[in-house]
>>> print(open('work-v4.csv').read())   # CSV, C-alpha atoms and all ligand atoms
chain,number,residue,atom,x,y,z
A,8,MET,CA,-46.6,29.4,-128.6
A,9,SER,CA,-50.2,29.7,-127.3
A,10,THR,CA,-50.2,32.6,-124.9
A,11,ILE,CA,-53.0,34.6,-123.4
A,12,ILE,CA,-51.4,38.0,-123.1
A,13,SER,CA,-53.7,40.0,-121.0
A,14,ILE,CA,-56.6,38.6,-119.0
A,15,ASN,CA,-57.8,39.5,-115.6
A,16,GLU,CA,-59.3,36.3,-114.3
A,17,SER,CA,-62.0,38.1,-112.3
A,18,ASP,CA,-63.3,40.0,-115.4
A,19,PHE,CA,-65.0,37.0,-117.1
A,20,ILE,CA,-65.5,33.3,-116.7
A,21,ILE,CA,-65.7,30.3,-119.1
A,22,ALA,CA,-69.0,28.6,-118.4
A,23,ASN,CA,-70.7,25.6,-120.0
A,24,ASP,CA,-74.1,25.9,-121.6
A,25,GLU,CA,-76.2,22.8,-122.3
A,26,ILE,CA,-76.9,23.8,-125.8
A,27,LYS,CA,-74.1,26.1,-126.9
A,28,GLY,CA,-71.3,24.4,-125.0
A,29,ARG,CA,-68.5,26.6,-123.8
A,30,GLN,CA,-69.3,30.3,-123.4
A,31,ILE,CA,-67.6,33.4,-121.9
A,32,ILE,CA,-69.6,35.3,-119.4
A,33,SER,CA,-68.7,38.9,-118.4
A,34,LYS,CA,-68.2,39.4,-114.6
A,35,ARG,CA,-68.2,43.2,-114.8
A,36,ILE,CA,-69.3,46.1,-117.0
A,37,TYR,CA,-67.4,46.7,-120.2
A,38,GLN,CA,-67.6,50.1,-121.9
A,39,CYS,CA,-67.9,50.3,-125.7
A,40,GLY,CA,-64.4,50.1,-127.2
A,41,GLU,CA,-62.9,48.5,-124.1
A,42,LEU,CA,-60.3,45.7,-124.6
A,43,ILE,CA,-61.6,42.4,-123.1
A,44,PHE,CA,-58.6,40.2,-123.8
A,45,GLN,CA,-55.6,39.6,-126.1
A,46,GLU,CA,-54.3,36.3,-127.2
A,47,GLN,CA,-51.8,34.7,-129.5
A,48,PRO,CA,-52.6,31.6,-131.5
A,49,LEU,CA,-51.7,28.0,-130.8
A,50,VAL,CA,-50.9,27.7,-134.4
A,51,LEU,CA,-51.4,30.0,-137.5
A,52,ALA,CA,-50.7,29.9,-141.2
A,53,GLN,CA,-51.0,32.4,-144.1
A,54,PHE,CA,-53.6,31.2,-146.7
A,55,GLU,CA,-51.9,29.3,-149.5
A,56,TRP,CA,-53.4,31.4,-152.4
A,57,ASN,CA,-52.5,34.6,-150.5
A,58,LYS,CA,-48.9,33.4,-150.3
A,59,LEU,CA,-48.8,32.2,-153.9
A,60,TYR,CA,-49.9,35.7,-155.0
A,61,LYS,CA,-46.9,37.2,-153.1
A,62,TYR,CA,-48.7,38.8,-150.2
A,63,SER,CA,-45.5,38.9,-148.2
A,64,THR,CA,-45.7,38.5,-144.4
A,65,CYS,CA,-43.7,37.2,-141.5
A,66,GLU,CA,-44.1,33.4,-141.7
A,67,TYR,CA,-44.4,33.2,-137.9
A,68,CYS,CA,-46.6,36.2,-136.9
A,69,LEU,CA,-48.2,37.4,-140.2
A,70,TYR,CA,-46.8,40.9,-139.8
A,71,PRO,CA,-46.7,42.5,-143.3
A,72,LEU,CA,-43.3,42.7,-144.9
A,73,GLU,CA,-43.9,45.4,-147.5
A,74,SER,CA,-43.7,49.1,-147.1
A,75,CYS,CA,-47.1,50.8,-147.8
A,76,GLU,CA,-45.7,52.0,-151.2
A,77,GLN,CA,-44.6,48.4,-152.2
A,78,ASN,CA,-48.0,47.2,-151.0
A,79,VAL,CA,-50.0,49.7,-153.1
A,80,ARG,CA,-47.7,49.3,-156.1
A,81,ARG,CA,-48.2,45.5,-156.1
A,82,LEU,CA,-52.0,45.7,-155.5
A,83,CYS,CA,-52.4,48.3,-158.3
A,84,GLN,CA,-49.7,46.7,-160.5
A,85,ASP,CA,-48.3,50.2,-161.0
A,86,SER,CA,-44.7,50.8,-160.0
A,87,SER,CA,-45.0,54.6,-160.5
A,88,ILE,CA,-47.2,55.3,-157.5
A,89,ILE,CA,-45.6,57.5,-154.8
A,90,ILE,CA,-47.1,57.4,-151.3
A,91,PRO,CA,-46.9,60.8,-149.5
A,92,HIS,CA,-46.4,61.2,-145.8
A,93,SER,CA,-43.9,58.3,-145.5
A,94,GLU,CA,-43.6,59.3,-141.8
A,95,CYS,CA,-47.0,57.6,-141.4
A,96,ASP,CA,-45.6,54.3,-142.7
A,97,PRO,CA,-43.9,52.3,-139.9
A,98,ASN,CA,-42.8,49.8,-142.6
A,99,ARG,CA,-41.0,52.3,-144.8
A,100,ASN,CA,-37.7,50.6,-144.1
A,101,ILE,CA,-39.0,47.1,-143.6
A,102,ASP,CA,-36.6,45.7,-146.3
A,103,GLN,CA,-33.7,46.3,-144.0
A,104,GLN,CA,-35.4,44.5,-141.1
A,105,ILE,CA,-36.5,41.3,-142.8
A,106,VAL,CA,-34.8,38.2,-141.5
A,107,ARG,CA,-34.5,35.2,-143.9
A,108,CYS,CA,-34.1,31.6,-143.1
A,109,PRO,CA,-30.5,30.9,-144.4
A,110,LYS,CA,-31.6,27.5,-145.8
A,111,CYS,CA,-35.0,28.2,-147.5
A,112,ASN,CA,-35.2,32.0,-147.7
A,113,GLU,CA,-38.5,32.0,-145.8
A,114,MET,CA,-39.1,35.6,-144.4
A,115,TYR,CA,-39.6,36.8,-140.8
A,116,CYS,CA,-40.1,40.2,-139.3
A,117,SER,CA,-37.5,39.7,-136.6
A,118,THR,CA,-34.8,37.4,-135.3
A,119,ILE,CA,-37.3,36.6,-132.5
A,120,CYS,CA,-39.9,35.4,-134.9
A,121,TYR,CA,-37.4,33.3,-136.9
A,122,GLN,CA,-36.1,31.7,-133.7
A,123,GLN,CA,-39.6,31.0,-132.4
A,124,ALA,CA,-40.5,29.4,-135.7
A,125,MET,CA,-37.4,27.3,-135.7
A,126,ASN,CA,-38.0,26.1,-132.1
A,127,ASN,CA,-41.7,25.3,-132.8
A,128,TYR,CA,-41.9,23.8,-136.3
A,129,HIS,CA,-39.6,25.3,-138.9
A,130,LEU,CA,-36.7,23.0,-138.2
A,131,THR,CA,-38.9,20.2,-139.4
A,132,LEU,CA,-40.7,22.0,-142.3
A,133,CYS,CA,-37.8,24.1,-143.7
A,134,GLN,CA,-37.6,23.2,-147.4
A,135,SER,CA,-33.8,23.3,-147.5
A,136,ASN,CA,-33.3,20.9,-150.4
A,137,GLU,CA,-31.5,18.6,-148.0
A,138,ASN,CA,-34.3,16.1,-148.6
A,139,SER,CA,-35.8,17.0,-151.9
A,140,LYS,CA,-38.4,14.1,-151.8
A,141,LYS,CA,-39.7,15.5,-148.5
A,142,ASP,CA,-39.9,19.0,-149.8
A,143,GLN,CA,-41.7,17.7,-152.9
A,144,LEU,CA,-44.3,16.0,-150.7
A,145,ILE,CA,-44.9,19.2,-148.7
A,146,ARG,CA,-45.4,21.1,-152.0
A,147,HIS,CA,-47.7,18.3,-153.3
A,148,ILE,CA,-49.9,18.6,-150.1
A,149,ILE,CA,-50.2,22.3,-150.5
A,150,ASP,CA,-51.1,22.0,-154.2
A,151,LEU,CA,-53.8,19.5,-153.3
A,152,TRP,CA,-55.2,21.9,-150.7
A,153,ARG,CA,-55.3,24.8,-153.1
A,154,ASN,CA,-57.3,22.6,-155.5
A,155,VAL,CA,-59.8,21.7,-152.7
A,156,HIS,CA,-60.1,25.2,-151.4
A,157,PRO,CA,-60.0,28.0,-154.1
A,158,PRO,CA,-60.2,31.6,-152.7
A,159,PRO,CA,-61.7,33.0,-150.7
A,160,GLU,CA,-59.9,30.7,-148.3
A,161,THR,CA,-61.1,30.1,-144.8
A,162,THR,CA,-58.5,27.8,-143.4
A,163,SER,CA,-55.2,26.2,-144.5
A,164,ILE,CA,-53.6,22.7,-144.6
A,165,SER,CA,-50.4,24.3,-143.4
A,166,LEU,CA,-52.0,24.4,-140.0
A,167,VAL,CA,-52.0,20.6,-140.1
A,168,LEU,CA,-48.4,20.5,-141.3
A,169,LYS,CA,-47.3,22.9,-138.6
A,170,LEU,CA,-49.2,21.0,-135.9
A,171,MET,CA,-47.4,17.8,-137.0
A,172,ALA,CA,-44.1,19.6,-136.9
A,173,MET,CA,-44.9,21.1,-133.5
A,174,LEU,CA,-45.6,17.6,-132.1
A,175,LYS,CA,-42.4,16.3,-133.7
A,176,GLN,CA,-40.3,19.1,-132.1
A,177,SER,CA,-42.2,19.2,-128.8
A,178,ASN,CA,-40.8,17.7,-125.6
A,179,ASN,CA,-44.4,17.5,-124.2
A,180,ARG,CA,-46.6,15.9,-127.0
A,181,VAL,CA,-49.3,15.0,-124.5
A,182,LEU,CA,-49.8,18.6,-123.4
A,183,LEU,CA,-50.0,19.8,-127.0
A,184,LEU,CA,-52.5,17.1,-128.0
A,185,GLN,CA,-54.6,17.9,-124.9
A,186,GLU,CA,-54.7,21.6,-126.1
A,187,LEU,CA,-55.8,20.4,-129.5
A,188,GLN,CA,-58.6,18.2,-128.1
A,189,LYS,CA,-60.1,21.2,-126.3
A,190,PHE,CA,-61.3,22.6,-129.6
A,191,SER,CA,-64.8,21.5,-130.7
A,192,GLN,CA,-64.3,18.9,-133.4
A,193,SER,CA,-67.5,16.9,-134.1
A,194,VAL,CA,-68.1,16.6,-137.8
A,195,GLN,CA,-71.9,16.9,-137.3
A,196,SER,CA,-74.2,19.1,-135.4
A,197,ASP,CA,-75.6,17.5,-132.3
A,198,ASN,CA,-79.0,16.8,-134.0
A,199,GLN,CA,-77.0,15.2,-136.9
A,200,GLN,CA,-78.6,17.5,-139.4
A,201,PHE,CA,-75.6,19.3,-140.7
A,202,TYR,CA,-72.2,18.3,-141.9
A,203,HIS,CA,-69.3,20.7,-142.3
A,204,LYS,CA,-69.1,21.9,-145.9
A,205,LEU,CA,-65.5,20.6,-146.4
A,206,LEU,CA,-66.9,17.2,-145.7
A,207,ARG,CA,-69.5,17.2,-148.4
A,208,LYS,CA,-69.7,14.4,-151.0
A,209,GLU,CA,-68.4,16.7,-153.8
A,210,PHE,CA,-65.0,17.0,-152.1
A,211,GLU,CA,-64.7,13.4,-151.1
A,212,SER,CA,-62.0,12.2,-153.5
A,213,GLN,CA,-59.9,15.3,-153.2
A,214,VAL,CA,-60.0,15.1,-149.4
A,215,GLU,CA,-59.0,11.5,-149.6
A,216,GLN,CA,-56.0,12.3,-151.7
A,217,LEU,CA,-55.0,14.9,-149.2
A,218,ARG,CA,-55.4,12.5,-146.3
A,219,TYR,CA,-53.3,9.9,-148.1
A,220,ALA,CA,-50.5,12.4,-148.8
A,221,LEU,CA,-50.4,13.5,-145.2
A,222,GLU,CA,-50.4,9.9,-144.0
A,223,GLN,CA,-47.4,9.3,-146.3
A,224,PHE,CA,-45.8,12.4,-144.9
A,225,ASN,CA,-46.2,11.1,-141.4
A,226,GLU,CA,-45.0,7.6,-142.1
A,227,GLN,CA,-42.0,8.6,-144.2
A,228,TYR,CA,-40.7,11.7,-142.4
A,229,MET,CA,-42.5,12.5,-139.2
A,230,GLU,CA,-43.3,9.2,-137.5
A,231,ILE,CA,-45.6,10.8,-134.9
A,232,VAL,CA,-47.5,7.9,-133.4
A,233,GLU,CA,-49.8,10.2,-131.5
A,234,PHE,CA,-51.0,11.8,-134.8
A,235,LYS,CA,-51.8,8.6,-136.6
A,236,TRP,CA,-55.4,8.6,-135.6
A,237,PHE,CA,-56.0,12.0,-137.1
A,238,LEU,CA,-54.9,10.6,-140.5
A,239,THR,CA,-57.4,7.7,-140.5
A,240,LEU,CA,-60.6,8.2,-142.5
A,241,ASN,CA,-62.6,9.2,-139.5
A,242,GLY,CA,-59.9,11.1,-137.7
A,243,PHE,CA,-59.1,13.2,-140.8
A,244,ARG,CA,-62.8,14.2,-141.1
A,245,GLN,CA,-62.7,15.3,-137.5
A,246,LEU,CA,-59.4,17.2,-138.0
A,247,LEU,CA,-60.9,19.1,-140.9
A,248,ALA,CA,-64.0,19.9,-138.9
A,249,LEU,CA,-61.9,21.1,-136.0
A,250,LEU,CA,-60.0,23.4,-138.3
A,251,GLY,CA,-63.1,24.6,-140.2
A,252,ARG,CA,-65.1,25.3,-137.1
A,253,ASN,CA,-62.5,26.9,-134.9
A,254,GLN,CA,-60.2,28.7,-137.3
A,255,GLN,CA,-60.2,32.5,-136.8
A,256,GLY,CA,-59.3,34.7,-139.8
A,257,ILE,CA,-56.3,37.0,-139.4
A,258,GLY,CA,-55.7,40.0,-141.6
A,259,THR,CA,-52.8,42.4,-141.7
A,260,SER,CA,-51.9,45.3,-144.0
A,261,SER,CA,-49.2,48.0,-144.5
A,262,LEU,CA,-51.7,50.2,-146.3
A,263,ALA,CA,-54.3,50.0,-143.5
A,264,ILE,CA,-51.7,51.2,-141.0
A,265,TRP,CA,-50.6,54.0,-143.1
A,266,VAL,CA,-54.2,55.2,-143.7
A,267,LYS,CA,-54.9,55.0,-140.0
A,268,ASN,CA,-51.8,57.0,-139.2
A,269,CYS,CA,-52.7,59.6,-141.8
A,270,GLU,CA,-56.0,60.2,-140.0
A,271,THR,CA,-54.0,61.4,-136.9
A,272,LEU,CA,-51.5,63.6,-138.8
A,273,SER,CA,-50.5,66.7,-136.9
A,274,ILE,CA,-52.9,69.4,-137.9
A,275,PRO,CA,-51.6,72.7,-139.5
A,276,GLN,CA,-52.4,75.9,-137.7
A,277,GLU,CA,-54.9,77.6,-140.1
A,278,ALA,CA,-58.3,76.2,-140.5
A,279,ALA,CA,-58.3,76.6,-144.3
A,280,ALA,CA,-55.0,74.7,-144.6
A,281,VAL,CA,-56.4,71.9,-142.4
A,282,ALA,CA,-59.4,71.4,-144.7
A,283,ALA,CA,-57.3,71.5,-147.9
A,284,ALA,CA,-54.6,69.1,-146.5
A,285,SER,CA,-57.1,66.6,-145.2
A,286,SER,CA,-59.3,66.6,-148.3
A,287,ASP,CA,-56.2,66.1,-150.5
A,288,ILE,CA,-55.1,63.1,-148.5
A,289,SER,CA,-58.6,61.6,-148.3
A,290,GLN,CA,-59.0,62.0,-152.1
A,291,PHE,CA,-55.7,60.3,-152.6
A,292,ILE,CA,-56.7,57.4,-150.3
A,293,ASP,CA,-60.1,57.1,-152.1
A,294,ALA,CA,-58.3,57.0,-155.5
A,295,ILE,CA,-55.9,54.3,-154.2
A,296,TYR,CA,-58.7,52.1,-152.9
A,297,THR,CA,-60.7,52.5,-156.2
A,298,LYS,CA,-57.6,51.5,-158.2
A,299,ILE,CA,-56.9,48.5,-156.0
A,300,ASP,CA,-60.5,47.4,-156.3
A,301,ASP,CA,-60.2,47.5,-160.2
A,302,VAL,CA,-56.9,45.6,-160.3
A,303,SER,CA,-57.0,43.2,-157.3
A,304,GLY,CA,-60.6,43.2,-156.2
A,305,GLU,CA,-61.5,42.7,-152.6
A,306,PHE,CA,-58.3,40.8,-151.7
A,307,ILE,CA,-56.3,43.6,-150.1
A,308,ASP,CA,-54.9,42.2,-146.9
A,309,CYS,CA,-52.3,39.6,-146.0
A,310,GLU,CA,-54.6,36.8,-144.8
A,311,GLY,CA,-54.4,33.6,-142.9
A,312,SER,CA,-56.0,31.8,-140.0
A,313,GLY,CA,-55.2,30.5,-136.6
A,314,LEU,CA,-56.5,28.5,-133.7
A,315,PHE,CA,-57.0,30.6,-130.5
A,316,LYS,CA,-57.8,28.8,-127.3
A,317,LEU,CA,-59.8,31.5,-125.5
A,318,GLN,CA,-61.3,33.1,-128.6
A,319,SER,CA,-62.7,29.7,-129.6
A,320,CYS,CA,-64.9,29.8,-126.5
A,321,LEU,CA,-66.7,32.9,-127.8
A,322,ASN,CA,-70.1,32.1,-129.3
A,323,HIS,CA,-71.7,33.8,-132.3
A,324,SER,CA,-74.5,36.2,-132.2
A,325,CYS,CA,-75.9,38.1,-135.2
A,326,ASP,CA,-76.2,41.0,-132.8
A,327,ALA,CA,-72.8,40.5,-131.1
A,328,ASN,CA,-71.5,42.8,-128.3
A,329,ALA,CA,-67.8,42.4,-129.1
A,330,GLU,CA,-65.5,42.1,-132.1
A,331,ILE,CA,-62.1,40.7,-133.1
A,332,GLN,CA,-59.4,43.2,-134.0
A,333,TYR,CA,-55.7,42.9,-134.9
A,334,GLN,CA,-54.4,46.1,-133.3
A,335,HIS,CA,-50.7,45.2,-133.6
A,336,ASN,CA,-51.0,44.3,-137.3
A,337,ASN,CA,-49.9,40.8,-136.6
A,338,SER,CA,-51.5,37.6,-135.3
A,339,THR,CA,-52.1,38.9,-131.8
A,340,LEU,CA,-55.8,38.9,-131.5
A,341,SER,CA,-57.8,41.5,-129.4
A,342,VAL,CA,-61.4,41.1,-128.4
A,343,VAL,CA,-63.0,44.5,-128.0
A,344,ALA,CA,-66.5,45.5,-126.7
A,345,THR,CA,-68.6,47.1,-129.4
A,346,ARG,CA,-71.3,48.3,-127.0
A,347,LEU,CA,-71.8,48.4,-123.3
A,348,ILE,CA,-71.6,44.9,-121.8
A,349,SER,CA,-73.3,44.3,-118.5
A,350,ASN,CA,-72.3,42.1,-115.6
A,351,ASN,CA,-73.3,38.4,-116.2
A,352,GLU,CA,-74.0,39.0,-120.0
A,353,GLU,CA,-72.5,36.5,-122.4
A,354,ILE,CA,-69.7,38.0,-124.5
A,355,THR,CA,-70.3,37.2,-128.2
A,356,ILE,CA,-68.7,37.9,-131.6
A,357,ASN,CA,-70.2,37.7,-135.1
A,358,TYR,CA,-68.7,34.7,-137.0
A,359,LEU,CA,-70.0,36.0,-140.4
A,360,SER,CA,-68.0,38.3,-142.7
A,361,GLU,CA,-69.0,42.0,-142.8
A,362,CYS,CA,-71.2,41.7,-145.9
A,363,ASP,CA,-72.9,38.4,-144.8
A,364,ARG,CA,-73.9,40.1,-141.5
A,365,ASN,CA,-76.5,42.1,-143.4
A,366,ARG,CA,-78.2,39.1,-145.1
A,367,SER,CA,-81.6,37.9,-144.1
A,368,ARG,CA,-82.1,35.6,-141.2
A,369,HIS,CA,-82.5,32.6,-143.5
A,370,SER,CA,-79.2,33.2,-145.3
A,371,ARG,CA,-77.3,33.9,-142.1
A,372,GLN,CA,-78.5,30.7,-140.5
A,373,LYS,CA,-77.6,28.7,-143.6
A,374,LEU,CA,-74.1,30.0,-143.6
A,375,LEU,CA,-73.7,29.3,-139.9
A,376,GLN,CA,-75.0,25.8,-140.3
A,377,GLU,CA,-72.7,24.7,-143.0
A,378,ASN,CA,-69.6,26.4,-141.5
A,379,TYR,CA,-70.2,26.1,-137.8
A,380,LEU,CA,-72.9,23.4,-137.5
A,381,PHE,CA,-75.4,25.2,-135.4
A,382,LEU,CA,-78.8,26.9,-135.8
A,383,CYS,CA,-78.5,30.4,-134.6
A,384,GLN,CA,-81.1,31.3,-132.1
A,385,CYS,CA,-79.7,34.8,-131.1
A,386,ASN,CA,-82.0,37.6,-130.1
A,387,ARG,CA,-81.8,39.1,-133.6
A,388,CYS,CA,-82.7,35.8,-135.3
A,389,ILE,CA,-85.6,35.3,-132.9
A,390,SER,CA,-86.9,38.9,-133.4
A,391,GLU,CA,-86.7,38.5,-137.2
A,392,SER,CA,-88.4,35.1,-137.3
A,393,SER,CA,-91.8,36.9,-137.5
A,394,GLU,CA,-90.8,39.1,-140.5
A,395,PRO,CA,-92.9,38.0,-143.4
A,396,ASP,CA,-90.6,39.1,-146.3
A,397,GLU,CA,-87.5,37.0,-145.2
A,398,THR,CA,-88.5,33.9,-147.2
A,399,SER,CA,-89.4,36.0,-150.2
A,400,GLU,CA,-88.9,34.2,-153.5
A,401,GLU,CA,-86.1,36.4,-154.6
A,402,GLU,CA,-84.2,35.5,-151.5
A,403,SER,CA,-84.7,31.8,-152.0
A,404,GLU,CA,-83.5,32.0,-155.5
A,405,ASN,CA,-80.4,33.8,-154.4
A,406,ASP,CA,-79.8,31.2,-151.9
A,407,MET,CA,-80.1,28.5,-154.5
A,408,ASP,CA,-77.5,30.2,-156.7
A,409,GLU,CA,-75.0,30.2,-153.8
A,410,ASP,CA,-75.2,26.4,-153.5
B,1,ZN,ZN,-43.0,38.2,-137.0
B,2,ZN,ZN,-36.1,27.5,-143.7
B,3,ZN,ZN,-78.6,34.9,-135.2
>>> encode(input="work-v4.csv", output="structure tokens")
Amino acid sequence: MSTIISINESDFIIANDEIKGRQIISKRIYQCGELIFQEQPLVLAQFEWNKLYKYSTCEYCLYPLESCEQNVRRLCQDSSIIIPHSECDPNRNIDQQIVRCPKCNEMYCSTICYQQAMNNYHLTLCQSNENSKKDQLIRHIIDLWRNVHPPPETTSISLVLKLMAMLKQSNNRVLLLQELQKFSQSVQSDNQQFYHKLLRKEFESQVEQLRYALEQFNEQYMEIVEFKWFLTLNGFRQLLALLGRNQQGIGTSSLAIWVKNCETLSIPQEAAAVAAASSDISQFIDAIYTKIDDVSGEFIDCEGSGLFKLQSCLNHSCDANAEIQYQHNNSTLSVVATRLISNNEEITINYLSECDRNRSRHSRQKLLQENYLFLCQCNRCISESSEPDETSEEESENDMDED
């Protein structure tokens, strides 16, 4: 399941830094926009709230399973919207392609994805009603998780369920466990100052309920001896830290693909016609996004998270030289240079969301500490450390509110 699709071994190396741990160092020049590598996750899952609200995707690869029109109608709660230029929507006939698990109705984008899911974990997790107590326990675990982690979600307990099922179905459990152990998983930063936010006191009793339910699940239905340790008090904290620190968000959208394709529409001959046509379509797109924002807010995409072996070696910088993209509108991750990267330069990405990236050094460092357990000392943080206004009172108050 975990596959690095395109990587030229001589292009970069994985090195070990005393402070940062693993890091990826470029061994050649990358131009801005150049693809550095592509990778598929070891395990991935759609976010539970995202799924509950019927963002429909392939359970295996997160490819969106709505046409652009269905997507927009759902997000706007308006079934009268007609999307023009249907030729720009590769999903316009997606209904006819969807493959359903005959036992539980779970949806897949293709027979290949369904078979891969069955081979890896779905045979074990399929809620087929053949064992209603087991199905109930799975639903209970997911309900508990949704209570611990209201939106915006950052990771999912389904990753744990899937890992357990993968171990159960695997004929080489040792190899899979070794892959899992490679992800950084300490619950504390090295100087013992910060804990992962999921492990804070306020979540203690809910996290314990979750741990207990998973332990029951393992004892009653899975019987994976090798996973028992992860379901002990300490082991479970470590497992949550592993998920929290290493998970990479995945987003896919039928609307985004349609918009992108509209931008490259074949251009009419006359200049006046070009201007008129392109302004019509961009006005329409603006209106759609405004309406979605009114009805559904910022939650537009099908979203989930996954564990990626190579990507997890990329360190954060507030002034990163590369970014994560989902060019295939599924869980295949691409790392792309966002500026010229020179030989021997560390390749970095920004772990923060788009809007958090513009926050002050103080706020960025706080977010990074509670989510990824390190104090950012990137060039940008260092250069901003002398700026007098960054600890202004207004900023401190805002930070207090966020707590
Ligand atoms: Zn798929
Ligand atoms: Zn099924
Ligand atoms: Zn920084």
>>> residues_around(input="work-v4.csv", residues="region 165-177 of chain A", least_positions_apart="5", cutoff="7 Å", atoms="only C-alpha atoms", output="JSON, numbers by chain")
{"A": [50, 51, 52, 127, 128, 131, 132, 229, 231]}
>>> write_last_selection(input="work-v4.csv", atoms="C-alpha atoms", output="mmCIF file, in the coordinates of the input")
data_model
loop_
_atom_site.group_PDB
_atom_site.id
_atom_site.type_symbol
_atom_site.label_atom_id
_atom_site.label_comp_id
_atom_site.auth_asym_id
_atom_site.auth_seq_id
_atom_site.Cartn_x
_atom_site.Cartn_y
_atom_site.Cartn_z
ATOM 1 C CA VAL A 50 -50.900 27.700 -134.400
ATOM 2 C CA LEU A 51 -51.400 30.000 -137.500
ATOM 3 C CA ALA A 52 -50.700 29.900 -141.200
ATOM 4 C CA ASN A 127 -41.700 25.300 -132.800
ATOM 5 C CA TYR A 128 -41.900 23.800 -136.300
ATOM 6 C CA THR A 131 -38.900 20.200 -139.400
ATOM 7 C CA LEU A 132 -40.700 22.000 -142.300
ATOM 8 C CA MET A 229 -42.500 12.500 -139.200
ATOM 9 C CA ILE A 231 -45.600 10.800 -134.900
#
>>> atom_distance(input="work-v4.csv", atom1="CA of Arg387 (chain A)", atom2="CA of Ser367 (chain A)")
10.6 Å
>>> residues_around(input="work-v4.csv", residues="region 81-98 of chain A", least_positions_apart="6", cutoff="8 Å", atoms="only C-alpha atoms", output="ChimeraX atom specification")
/A:72-75,261,264-266,268-269,272,298-299,302-303,307
>>> residues_near_ligand(input="work-v4.csv", ligand="ligand ZN 3 (chain B)", cutoff="6 Å", atoms="all atoms listed in the file", output="PyMOL selection string")
chain A and resi 324-325+383-385+387-388
>>> closest_residue(input="work-v4.csv", among="A:Ile105, A:Ala248, A:Ile43, A:Ala329", to="ligand ZN 1 (chain B)", atoms="only C-alpha atoms and all ligand atoms")
A:Ile105
>>> closest_residue(input="work-v4.csv", among="A:Ile21, A:Ile331, A:Cys39, A:Ile119", to="ligand ZN 1 (chain B)", atoms="only C-alpha atoms and all ligand atoms")
A:Ile119
>>> closest_residue(input="work-v4.csv", among="A:Met125, A:Ile31, A:Ile26, A:Cys68", to="ligand ZN 2 (chain B)", atoms="all atoms listed in the file")
A:Met125
>>> closest_residue(input="work-v4.csv", among="A:Glu25, A:Glu209, A:Asp102, A:Glu113", to="ligand ZN 2 (chain B)", atoms="all atoms listed in the file")
A:Glu113
